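**Q** Encoded as structure tokens, here's the structure I'll be asking about.
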Amino acid sequence: MESKSISHKTFSYSQLNTFKTCPQKYKIIYLDGVRKEHESIEGFMGKVVHETLEWLYNYENIIKPYITFDSLCRAYDDQWVKKWHPNIFIANARNRSAYYYLIGKRCLSNYYSRYGPTFDQRVKDTEVELEFTIGDYTFRGIIDRLDQPEPGEWIVHDYKTSKHPKSKRQAMNDIQLALYQIAVEQNYKEVNNIFLTWHFLRNGSEVSVNHTPKQKEKLIKKLVKIVDKIIE
């Protein structure tokens with residue numbers, strides 16, 4: 001553990017969410033430094049889908065007039081084989097890896113049906129690592145994809161492979177993309193409007209929100225309250 005005070009640590013959404021869900025788990029992972037040896041098959045599948053979508057928007061692909069679904073599937077298969085490791089935990093192991101492999105394919109199929117084959121969004125970057133401050137606290141985050149449709153307008157995209165999508169109301173009260181909104185505001189010069197979009201890939205739905213200053217301030221108070229509890 002670092003010798004500097006915990007009040008000067010850099011926080012992430014995953015840390016805040018872990019503490020909110022289970023303070024004891026937060027202590028074990030982030031204070032005691034005990035990391036789990038295994039990765040769940042659900043987590044592995046989600047990671048491979050994310051990396052496939054990152055591949056989809058790389059420079060070589062975005063200059064192409066279209067992308068075939070077969071090429072997207074090949075990229076997924078390549079990542080699945082490349083990233084597979086012996087410490088993936090599979091409950092009820094029989095055929096479960098094949099089950100989640102197919103769920104990942106369904107996620108990509110849903111996304112392709114909605115945006116393919118041209119994928120002509122104005123993508124600024126993918127896997128965008130940003131650091132920013134709120135009050136006395138420093139935060140870091142990784143945005144799945146950041147678009148800039150026109151000067152001053154930004155869209156933060158987040159890919160989810162979980163079973164249950166958020167409702168509009170849940171999205172409005174979610175602190176993850178609110179954090180990323182603040183990150184964009186602090187790291188880019190011209191920011192007039194920011195939309196926050198969740199892609200629920202498993203069922204092909206999406207939710208997009210645009211926070212008013214009042215709504216953003218409410219979420220800032222919410223996350224600062226969590227950090228205050230962490231450092232008590």
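Lettering and numbering for the structure tokens are positional, with chains as A, B, ... in the shown order, residues counted from 1 in each chain, and ligands counted from 1 in the shown order.
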So that I can see what lies close to region 19-22 of chain A, please list as a list in words the residues with an atom at most 12 Å from it, counting only C-alpha atoms and leaving out residues fewer than 5 positions away in the same chain.
**A**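 That gives Phe11, Ser12, Tyr13, Ser14, Lys27, Ile28, Ile29, Tyr30, Leu31, Ile175, Lys222, Leu223, Lys225, Ile226, Val227, Asp228, Lys229, Ile230 and Ile231 of chain A.
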**Q** Go ahead and write the residues just picked, all heavy atoms, as a short mmCIF file (atom, residue, chain, number, x, y, z; two decimals), in the first residue's frame.
**A**
```
data_model
loop_
_atom_site.label_atom_id
_atom_site.label_comp_id
_atom_site.auth_asym_id
_atom_site.auth_seq_id
_atom_site.Cartn_x
_atom_site.Cartn_y
_atom_site.Cartn_z
N PHE A 11 -9.31 7.86 -7.37
CA PHE A 11 -10.44 6.95 -7.29
C PHE A 11 -11.00 6.67 -8.69
O PHE A 11 -10.85 7.46 -9.61
CB PHE A 11 -11.55 7.55 -6.41
CG PHE A 11 -11.15 7.70 -4.97
CD1 PHE A 11 -10.60 8.88 -4.51
CD2 PHE A 11 -11.31 6.65 -4.08
CE1 PHE A 11 -10.22 9.02 -3.18
CE2 PHE A 11 -10.94 6.77 -2.75
CZ PHE A 11 -10.39 7.96 -2.31
N SER A 12 -11.65 5.53 -8.81
CA SER A 12 -12.31 5.15 -10.05
C SER A 12 -13.75 4.77 -9.74
O SER A 12 -14.12 4.52 -8.59
CB SER A 12 -11.60 3.95 -10.70
OG SER A 12 -11.75 2.79 -9.89
N TYR A 13 -14.56 4.66 -10.80
CA TYR A 13 -15.94 4.25 -10.61
C TYR A 13 -16.01 2.86 -10.00
O TYR A 13 -16.85 2.61 -9.12
CB TYR A 13 -16.71 4.28 -11.93
CG TYR A 13 -18.05 3.59 -11.82
CD1 TYR A 13 -19.11 4.21 -11.14
CD2 TYR A 13 -18.26 2.32 -12.33
CE1 TYR A 13 -20.33 3.58 -11.00
CE2 TYR A 13 -19.49 1.68 -12.20
CZ TYR A 13 -20.51 2.31 -11.53
OH TYR A 13 -21.72 1.68 -11.37
N SER A 14 -15.16 1.96 -10.45
CA SER A 14 -15.20 0.58 -9.93
C SER A 14 -14.92 0.56 -8.43
O SER A 14 -15.53 -0.22 -7.69
CB SER A 14 -14.22 -0.32 -10.66
OG SER A 14 -12.90 0.15 -10.52
N LYS A 27 -12.29 -3.07 1.16
CA LYS A 27 -11.10 -3.13 2.03
C LYS A 27 -10.16 -4.24 1.56
O LYS A 27 -8.95 -4.04 1.47
CB LYS A 27 -11.52 -3.38 3.48
CG LYS A 27 -10.36 -3.54 4.45
CD LYS A 27 -10.84 -3.83 5.85
CE LYS A 27 -9.67 -3.99 6.81
NZ LYS A 27 -8.76 -5.08 6.45
N ILE A 28 -10.74 -5.41 1.28
CA ILE A 28 -9.92 -6.56 0.88
C ILE A 28 -9.16 -6.27 -0.43
O ILE A 28 -7.97 -6.55 -0.54
CB ILE A 28 -10.81 -7.82 0.71
CG1 ILE A 28 -11.34 -8.26 2.09
CG2 ILE A 28 -10.03 -8.95 0.05
CD1 ILE A 28 -12.42 -9.32 2.01
N ILE A 29 -9.87 -5.66 -1.40
CA ILE A 29 -9.25 -5.46 -2.72
C ILE A 29 -8.34 -4.24 -2.74
O ILE A 29 -7.18 -4.32 -3.16
CB ILE A 29 -10.34 -5.32 -3.81
CG1 ILE A 29 -11.13 -6.62 -3.94
CG2 ILE A 29 -9.72 -4.93 -5.15
CD1 ILE A 29 -12.32 -6.53 -4.88
N TYR A 30 -8.86 -3.08 -2.27
CA TYR A 30 -8.15 -1.82 -2.50
C TYR A 30 -7.25 -1.39 -1.34
O TYR A 30 -6.33 -0.60 -1.56
CB TYR A 30 -9.16 -0.71 -2.82
CG TYR A 30 -9.88 -0.95 -4.12
CD1 TYR A 30 -11.19 -1.41 -4.14
CD2 TYR A 30 -9.24 -0.73 -5.34
CE1 TYR A 30 -11.86 -1.63 -5.34
CE2 TYR A 30 -9.90 -0.96 -6.54
CZ TYR A 30 -11.20 -1.42 -6.53
OH TYR A 30 -11.85 -1.65 -7.72
N LEU A 31 -7.51 -1.88 -0.13
CA LEU A 31 -6.64 -1.53 0.98
C LEU A 31 -5.67 -2.66 1.32
O LEU A 31 -4.47 -2.42 1.50
CB LEU A 31 -7.48 -1.16 2.22
CG LEU A 31 -8.42 0.04 2.05
CD1 LEU A 31 -9.12 0.36 3.37
CD2 LEU A 31 -7.67 1.27 1.54
N ILE A 175 -23.98 7.18 -11.53
CA ILE A 175 -22.83 8.08 -11.39
C ILE A 175 -21.69 7.76 -12.35
O ILE A 175 -20.81 8.59 -12.56
CB ILE A 175 -22.28 8.09 -9.94
CG1 ILE A 175 -21.75 6.72 -9.54
CG2 ILE A 175 -23.32 8.62 -8.97
CD1 ILE A 175 -21.02 6.74 -8.20
N LYS A 222 -23.59 13.11 -4.65
CA LYS A 222 -23.76 11.68 -4.37
C LYS A 222 -22.41 10.97 -4.36
O LYS A 222 -22.11 10.19 -3.44
CB LYS A 222 -24.69 11.09 -5.43
CG LYS A 222 -25.06 9.62 -5.22
CD LYS A 222 -26.04 9.20 -6.32
CE LYS A 222 -26.41 7.73 -6.23
NZ LYS A 222 -27.36 7.33 -7.30
N LEU A 223 -21.58 11.22 -5.35
CA LEU A 223 -20.30 10.50 -5.42
C LEU A 223 -19.30 11.03 -4.39
O LEU A 223 -18.51 10.26 -3.84
CB LEU A 223 -19.74 10.53 -6.84
CG LEU A 223 -19.24 11.83 -7.44
CD1 LEU A 223 -17.75 12.01 -7.16
CD2 LEU A 223 -19.47 11.82 -8.95
N LYS A 225 -20.08 12.08 -1.48
CA LYS A 225 -20.52 11.45 -0.24
C LYS A 225 -19.94 10.04 -0.09
O LYS A 225 -19.53 9.63 1.01
CB LYS A 225 -22.05 11.41 -0.21
CG LYS A 225 -22.64 10.94 1.12
CD LYS A 225 -24.15 11.03 1.09
CE LYS A 225 -24.77 10.58 2.40
NZ LYS A 225 -26.26 10.66 2.37
N ILE A 226 -19.88 9.30 -1.21
CA ILE A 226 -19.30 7.96 -1.16
C ILE A 226 -17.82 8.03 -0.83
O ILE A 226 -17.31 7.27 0.02
CB ILE A 226 -19.51 7.23 -2.51
CG1 ILE A 226 -21.00 7.02 -2.79
CG2 ILE A 226 -18.80 5.86 -2.50
CD1 ILE A 226 -21.30 6.49 -4.19
N VAL A 227 -17.09 8.95 -1.48
CA VAL A 227 -15.64 9.08 -1.20
C VAL A 227 -15.41 9.52 0.22
O VAL A 227 -14.48 9.04 0.89
CB VAL A 227 -14.99 10.04 -2.20
CG1 VAL A 227 -13.49 10.19 -1.90
CG2 VAL A 227 -15.17 9.57 -3.63
N ASP A 228 -16.23 10.44 0.73
CA ASP A 228 -16.10 10.86 2.12
C ASP A 228 -16.20 9.67 3.07
O ASP A 228 -15.45 9.57 4.05
CB ASP A 228 -17.18 11.89 2.46
CG ASP A 228 -16.91 13.25 1.87
OD1 ASP A 228 -15.74 13.53 1.50
OD2 ASP A 228 -17.86 14.06 1.78
N LYS A 229 -17.12 8.76 2.77
CA LYS A 229 -17.27 7.58 3.62
C LYS A 229 -16.05 6.66 3.51
O LYS A 229 -15.64 6.05 4.49
CB LYS A 229 -18.53 6.82 3.23
CG LYS A 229 -19.83 7.50 3.64
CD LYS A 229 -21.04 6.64 3.27
CE LYS A 229 -22.33 7.31 3.71
NZ LYS A 229 -23.52 6.50 3.32
N ILE A 230 -15.48 6.57 2.31
CA ILE A 230 -14.31 5.72 2.11
C ILE A 230 -13.14 6.17 2.96
O ILE A 230 -12.43 5.37 3.56
CB ILE A 230 -13.92 5.68 0.61
CG1 ILE A 230 -14.95 4.90 -0.19
CG2 ILE A 230 -12.53 5.05 0.43
CD1 ILE A 230 -14.70 4.93 -1.70
N ILE A 231 -12.93 7.49 3.03
CA ILE A 231 -11.74 8.00 3.72
C ILE A 231 -11.96 8.33 5.18
O ILE A 231 -11.06 8.84 5.85
CB ILE A 231 -11.17 9.24 2.98
CG1 ILE A 231 -12.15 10.41 3.06
CG2 ILE A 231 -10.84 8.88 1.54
CD1 ILE A 231 -11.58 11.68 2.50
#
```
**Q** Considering only C-alpha atoms, return as a list in words whatever protein or nucleic-acid residues lie within 12 Å of Glu217 (chain A), sequence-local ones (same chain, fewer than 2 positions apart) excluded.
**A**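 These residues fall inside the cut-off: Ile134, Asn173, Ile175, Ala178, Leu179, Gln181, Ile182, His211, Thr212, Pro213, Lys214, Gln215, Leu219, Ile220, Lys221, Lys222, Leu223 and Val224 of chain A.
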**Q** Per residue of region 4-93 of chain A within 12 Å of region 139-145 of chain A, which atom pair is closest and at what distance in Å (one decimal), using only C-alpha atoms, listed by chain and increasing number, as JSON lines?
**A**
```
{"residue": "A:Ser7", "atom": "CA", "partner": "A:Phe139", "partner_atom": "CA", "distance": 11.7}
{"residue": "A:His8", "atom": "CA", "partner": "A:Phe139", "partner_atom": "CA", "distance": 10.2}
{"residue": "A:Lys9", "atom": "CA", "partner": "A:Phe139", "partner_atom": "CA", "distance": 8.5}
{"residue": "A:Thr10", "atom": "CA", "partner": "A:Phe139", "partner_atom": "CA", "distance": 5.1}
{"residue": "A:Phe11", "atom": "CA", "partner": "A:Phe139", "partner_atom": "CA", "distance": 4.6}
{"residue": "A:Ser12", "atom": "CA", "partner": "A:Arg140", "partner_atom": "CA", "distance": 5.3}
{"residue": "A:Tyr13", "atom": "CA", "partner": "A:Gly141", "partner_atom": "CA", "distance": 7.1}
{"residue": "A:Ser14", "atom": "CA", "partner": "A:Gly141", "partner_atom": "CA", "distance": 9.1}
{"residue": "A:Gln15", "atom": "CA", "partner": "A:Phe139", "partner_atom": "CA", "distance": 10.2}
{"residue": "A:Leu16", "atom": "CA", "partner": "A:Phe139", "partner_atom": "CA", "distance": 10.4}
{"residue": "A:Lys47", "atom": "CA", "partner": "A:Asp144", "partner_atom": "CA", "distance": 11.2}
{"residue": "A:Val49", "atom": "CA", "partner": "A:Asp144", "partner_atom": "CA", "distance": 11.3}
{"residue": "A:His50", "atom": "CA", "partner": "A:Asp144", "partner_atom": "CA", "distance": 7.7}
{"residue": "A:Glu51", "atom": "CA", "partner": "A:Asp144", "partner_atom": "CA", "distance": 9.5}
{"residue": "A:Thr52", "atom": "CA", "partner": "A:Asp144", "partner_atom": "CA", "distance": 11.5}
{"residue": "A:Leu53", "atom": "CA", "partner": "A:Asp144", "partner_atom": "CA", "distance": 9.0}
{"residue": "A:Glu54", "atom": "CA", "partner": "A:Asp144", "partner_atom": "CA", "distance": 7.8}
{"residue": "A:Trp55", "atom": "CA", "partner": "A:Arg145", "partner_atom": "CA", "distance": 11.4}
{"residue": "A:Leu56", "atom": "CA", "partner": "A:Arg145", "partner_atom": "CA", "distance": 11.2}
{"residue": "A:Tyr57", "atom": "CA", "partner": "A:Arg145", "partner_atom": "CA", "distance": 9.0}
{"residue": "A:Asn58", "atom": "CA", "partner": "A:Arg145", "partner_atom": "CA", "distance": 11.1}
```
**Q** Pick out each residue of region 61-148 of chain A that DSSP on the backbone tags as alpha helix (DSSP H); I need them as number ranges by chain.
**A** A: 61-62, 69-83, 96-115
**Q** Could you take the residues named above and write them with N, CA and C atoms, as a short mmCIF file (atom, residue, chain, number, x, y, z; two decimals), in the first residue's frame?
**A**
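This is the output file result.cif:
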```
data_model
loop_
_atom_site.label_atom_id
_atom_site.label_comp_id
_atom_site.auth_asym_id
_atom_site.auth_seq_id
_atom_site.Cartn_x
_atom_site.Cartn_y
_atom_site.Cartn_z
N ASN A 61 -10.25 0.41 -39.89
CA ASN A 61 -11.64 0.08 -40.17
C ASN A 61 -12.51 1.30 -40.45
N ILE A 62 -12.29 2.39 -39.74
CA ILE A 62 -13.18 3.54 -39.91
C ILE A 62 -13.01 4.21 -41.27
N PHE A 69 -20.18 -8.53 -41.31
CA PHE A 69 -20.39 -9.18 -40.01
C PHE A 69 -19.41 -10.35 -39.84
N ASP A 70 -19.06 -11.01 -40.92
CA ASP A 70 -18.09 -12.11 -40.84
C ASP A 70 -16.75 -11.62 -40.32
N SER A 71 -16.31 -10.45 -40.77
CA SER A 71 -15.03 -9.93 -40.30
C SER A 71 -15.10 -9.54 -38.82
N LEU A 72 -16.27 -9.05 -38.39
CA LEU A 72 -16.46 -8.73 -36.98
C LEU A 72 -16.39 -10.01 -36.14
N CYS A 73 -17.02 -11.07 -36.63
CA CYS A 73 -16.99 -12.36 -35.93
C CYS A 73 -15.58 -12.93 -35.88
N ARG A 74 -14.83 -12.77 -36.95
CA ARG A 74 -13.44 -13.26 -36.94
C ARG A 74 -12.61 -12.53 -35.91
N ALA A 75 -12.83 -11.22 -35.79
CA ALA A 75 -12.11 -10.45 -34.78
C ALA A 75 -12.47 -10.92 -33.37
N TYR A 76 -13.75 -11.21 -33.17
CA TYR A 76 -14.22 -11.73 -31.88
C TYR A 76 -13.57 -13.08 -31.58
N ASP A 77 -13.56 -13.97 -32.57
CA ASP A 77 -12.95 -15.29 -32.37
C ASP A 77 -11.46 -15.17 -32.06
N ASP A 78 -10.79 -14.28 -32.76
CA ASP A 78 -9.35 -14.08 -32.52
C ASP A 78 -9.09 -13.62 -31.10
N GLN A 79 -9.91 -12.67 -30.63
CA GLN A 79 -9.75 -12.16 -29.26
C GLN A 79 -10.09 -13.23 -28.23
N TRP A 80 -11.13 -14.02 -28.52
CA TRP A 80 -11.53 -15.07 -27.57
C TRP A 80 -10.40 -16.07 -27.37
N VAL A 81 -9.78 -16.49 -28.46
CA VAL A 81 -8.68 -17.46 -28.37
C VAL A 81 -7.44 -16.83 -27.74
N LYS A 82 -7.13 -15.60 -28.15
CA LYS A 82 -5.93 -14.92 -27.67
C LYS A 82 -6.00 -14.65 -26.17
N LYS A 83 -7.16 -14.26 -25.67
CA LYS A 83 -7.29 -13.85 -24.27
C LYS A 83 -7.64 -14.99 -23.32
N ARG A 96 -20.77 -24.27 -20.56
CA ARG A 96 -21.00 -22.87 -20.19
C ARG A 96 -20.11 -21.92 -20.98
N SER A 97 -18.89 -22.34 -21.32
CA SER A 97 -18.05 -21.46 -22.12
C SER A 97 -18.68 -21.24 -23.50
N ALA A 98 -19.24 -22.30 -24.08
CA ALA A 98 -19.90 -22.18 -25.38
C ALA A 98 -21.14 -21.28 -25.27
N TYR A 99 -21.86 -21.38 -24.15
CA TYR A 99 -23.04 -20.57 -23.92
C TYR A 99 -22.68 -19.08 -23.92
N TYR A 100 -21.63 -18.72 -23.17
CA TYR A 100 -21.25 -17.31 -23.10
C TYR A 100 -20.57 -16.83 -24.38
N TYR A 101 -19.89 -17.72 -25.05
CA TYR A 101 -19.34 -17.39 -26.36
C TYR A 101 -20.47 -16.95 -27.31
N LEU A 102 -21.56 -17.68 -27.31
CA LEU A 102 -22.70 -17.35 -28.18
C LEU A 102 -23.41 -16.08 -27.73
N ILE A 103 -23.44 -15.83 -26.43
CA ILE A 103 -24.03 -14.57 -25.96
C ILE A 103 -23.22 -13.39 -26.49
N GLY A 104 -21.90 -13.54 -26.45
CA GLY A 104 -21.04 -12.49 -27.01
C GLY A 104 -21.32 -12.25 -28.48
N LYS A 105 -21.51 -13.33 -29.23
CA LYS A 105 -21.84 -13.20 -30.65
C LYS A 105 -23.19 -12.48 -30.83
N ARG A 106 -24.14 -12.81 -29.94
CA ARG A 106 -25.45 -12.14 -30.02
C ARG A 106 -25.30 -10.64 -29.76
N CYS A 107 -24.47 -10.28 -28.80
CA CYS A 107 -24.22 -8.87 -28.50
C CYS A 107 -23.71 -8.14 -29.75
N LEU A 108 -22.76 -8.76 -30.42
CA LEU A 108 -22.18 -8.14 -31.62
C LEU A 108 -23.20 -8.10 -32.76
N SER A 109 -24.01 -9.14 -32.88
CA SER A 109 -25.04 -9.17 -33.91
C SER A 109 -26.05 -8.04 -33.71
N ASN A 110 -26.46 -7.84 -32.45
CA ASN A 110 -27.40 -6.76 -32.15
C ASN A 110 -26.81 -5.40 -32.50
N TYR A 111 -25.54 -5.22 -32.17
CA TYR A 111 -24.89 -3.95 -32.44
C TYR A 111 -24.73 -3.74 -33.95
N TYR A 112 -24.32 -4.81 -34.64
CA TYR A 112 -24.13 -4.72 -36.09
C TYR A 112 -25.45 -4.40 -36.79
N SER A 113 -26.53 -5.01 -36.34
CA SER A 113 -27.84 -4.77 -36.96
C SER A 113 -28.26 -3.31 -36.84
N ARG A 114 -27.82 -2.69 -35.76
CA ARG A 114 -28.23 -1.30 -35.52
C ARG A 114 -27.34 -0.29 -36.25
N TYR A 115 -26.04 -0.56 -36.33
CA TYR A 115 -25.11 0.44 -36.85
C TYR A 115 -24.36 0.03 -38.11
#
```
**Q** When you draw a straight line from CA of Asp147 (chain A) to CA of Ser162 (chain A), how long is it in Å?
**A**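 Separation of CA of Asp147 (chain A) and CA of Ser162 (chain A): 23.0 Å.
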**Q** So the first atom is CA of Trp154 (chain A) and the second is CA of Val191 (chain A); what is the distance between them in Å, to one decimal place?
**A**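 Distance between the two atoms: 7.3 Å.
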**Q** Would you mind reading off the distance between CA of Gly116 (chain A) and CA of Asp158 (chain A), one decimal, in Å?
**A** 17.8 Å
**Q** Go through A:Glu206, A:Asp174, A:Glu37, A:Glu185 one by one, measure the shortest atom-to-atom distance of each to Phe132 (chain A) using only C-alpha atoms, and give the residue with the smallest value.
**A** A:Glu185
**Q** Tell me which of A:Gln121, A:Ser167, A:Thr161, A:Asn92 sits closest to Leu146 (chain A), counting only C-alpha atoms.
**A** A:Gln121
**Q** Between A:Lys163, A:Lys124, A:Lys218, A:Lys168, which residue has the minimum interatomic distance to Gln148 (chain A), considering only C-alpha atoms?
**A** A:Lys124
**Q** Near Pro86 (chain A), counting only C-alpha atoms, which residues have an atom at most 12 Å away, once you skip same-chain residues fewer than 4 positions from it, shown as a ChimeraX atom specification?
**A** /A:37-41,44,81,90
